[in-house]
Amino acid sequence: MHQRGATVTVHDPHAVPTALRRHPELDYAEALDNSVQGAQLIVLATEWPHFREADPKALAPLVADPVLVDLRNLIDADAWRMAGWTVRQLGRPAQE
């Protein structure tokens, strides 16, 4: 979806077919690595283990800016920070 210069790409290991029917205006990626390609910001808004198990070191070179907003407090923020990511988690103090 393009609004104010932004492109939103959605990835969910289980919900893409349903989401695509409800929101065909968004871009979808079947694989996590494809969904983050060139991203300036990643928003994690679901609790699938698929995301908790993601390798922050492997994903970092794929993004334009390694910034993750974790709305579910799902990931190990320290591990992501050690891999070079800026991490923000809902309801938790910001750390650099």
# chains A, B, ... in the order shown; residues from 1 in each chain; ligands from 1
$ residues_around --residues "Val8 of chain A" --least-positions-apart "3" --cutoff "12 Å" --atoms "only C-alpha atoms" --output "list in words"
Met1, His2, Gln3, Arg4, Gly5, His11, His23, Pro24, Glu25, Leu26, Asp27, Tyr28, Ala29, Ser35, Val36, Gln37, Gly38, Ala39, Gln40, Leu41, Ile42 and Val43 of chain A
$ select_by_dssp --residues "chain A" --states "strand (DSSP E)" --output "number ranges by chain"
A: 2-3, 6-7, 9-10, 27-28, 42-44, 67-70, 86-89
$ residues_around --residues "Phe51 of chain A" --least-positions-apart "3" --cutoff "9 Å" --atoms "only C-alpha atoms" --output "VMD selection string"
chain A and resid 32 44 46 to 48 54 to 55 74 to 75
$ atom_distance --atom1 "atom CA of Glu30 of chain A" --atom2 "atom CA of Pro13 of chain A"
7.1 Å
$ atom_distance --atom1 "atom CA of Met82 of chain A" --atom2 "atom CA of Pro61 of chain A"
14.1 Å
$ atom_distance --atom1 "atom CA of Lys57 of chain A" --atom2 "atom CA of Ala83 of chain A"
5.3 Å
$ residues_around --residues "Thr86 of chain A" --least-positions-apart "3" --cutoff "10 Å" --atoms "only C-alpha atoms" --output "VMD selection string"
chain A and resid 41 65 to 69 77 to 78 80 to 83 94 to 96
$ write_last_selection --atoms "N, CA and C atoms" --output "CSV table (one decimal), in the first residue's frame"
chain,number,residue,atom,x,y,z
A,41,LEU,N,11.7,-0.1,8.4
A,41,LEU,CA,11.1,-0.3,9.7
A,41,LEU,C,10.3,-1.6,9.6
A,65,ASP,N,17.3,-0.3,7.0
A,65,ASP,CA,17.6,0.2,8.4
A,65,ASP,C,17.1,-0.9,9.4
A,66,PRO,N,18.0,-1.4,10.2
A,66,PRO,CA,17.6,-2.5,11.1
A,66,PRO,C,16.8,-1.9,12.3
A,67,VAL,N,15.6,-1.6,12.1
A,67,VAL,CA,14.7,-1.1,13.2
A,67,VAL,C,13.5,-2.0,13.3
A,68,LEU,N,13.2,-2.5,14.5
A,68,LEU,CA,12.1,-3.4,14.8
A,68,LEU,C,11.2,-2.9,15.9
A,69,VAL,N,9.9,-2.8,15.6
A,69,VAL,CA,9.0,-2.4,16.7
A,69,VAL,C,8.2,-3.7,17.0
A,77,ALA,N,14.9,-9.2,22.8
A,77,ALA,CA,15.3,-7.8,22.4
A,77,ALA,C,16.9,-7.7,22.5
A,78,ASP,N,17.5,-8.3,23.5
A,78,ASP,CA,18.9,-8.2,23.7
A,78,ASP,C,19.6,-8.9,22.5
A,80,TRP,N,18.6,-9.3,19.5
A,80,TRP,CA,18.4,-8.4,18.3
A,80,TRP,C,19.3,-7.2,18.3
A,81,ARG,N,19.4,-6.6,19.5
A,81,ARG,CA,20.3,-5.4,19.7
A,81,ARG,C,21.7,-5.8,19.4
A,82,MET,N,22.1,-7.0,19.9
A,82,MET,CA,23.5,-7.5,19.7
A,82,MET,C,23.8,-7.7,18.3
A,83,ALA,N,22.7,-8.0,17.5
A,83,ALA,CA,22.9,-8.2,16.0
A,83,ALA,C,22.8,-6.9,15.3
A,94,ALA,N,12.7,2.3,26.4
A,94,ALA,CA,13.6,2.3,25.2
A,94,ALA,C,15.0,2.1,25.7
A,95,GLN,N,15.7,1.2,25.0
A,95,GLN,CA,17.2,1.0,25.3
A,95,GLN,C,17.9,1.2,24.0
A,96,GLU,N,19.1,1.6,24.1
A,96,GLU,CA,20.0,1.8,23.0
A,96,GLU,C,21.1,0.7,23.0
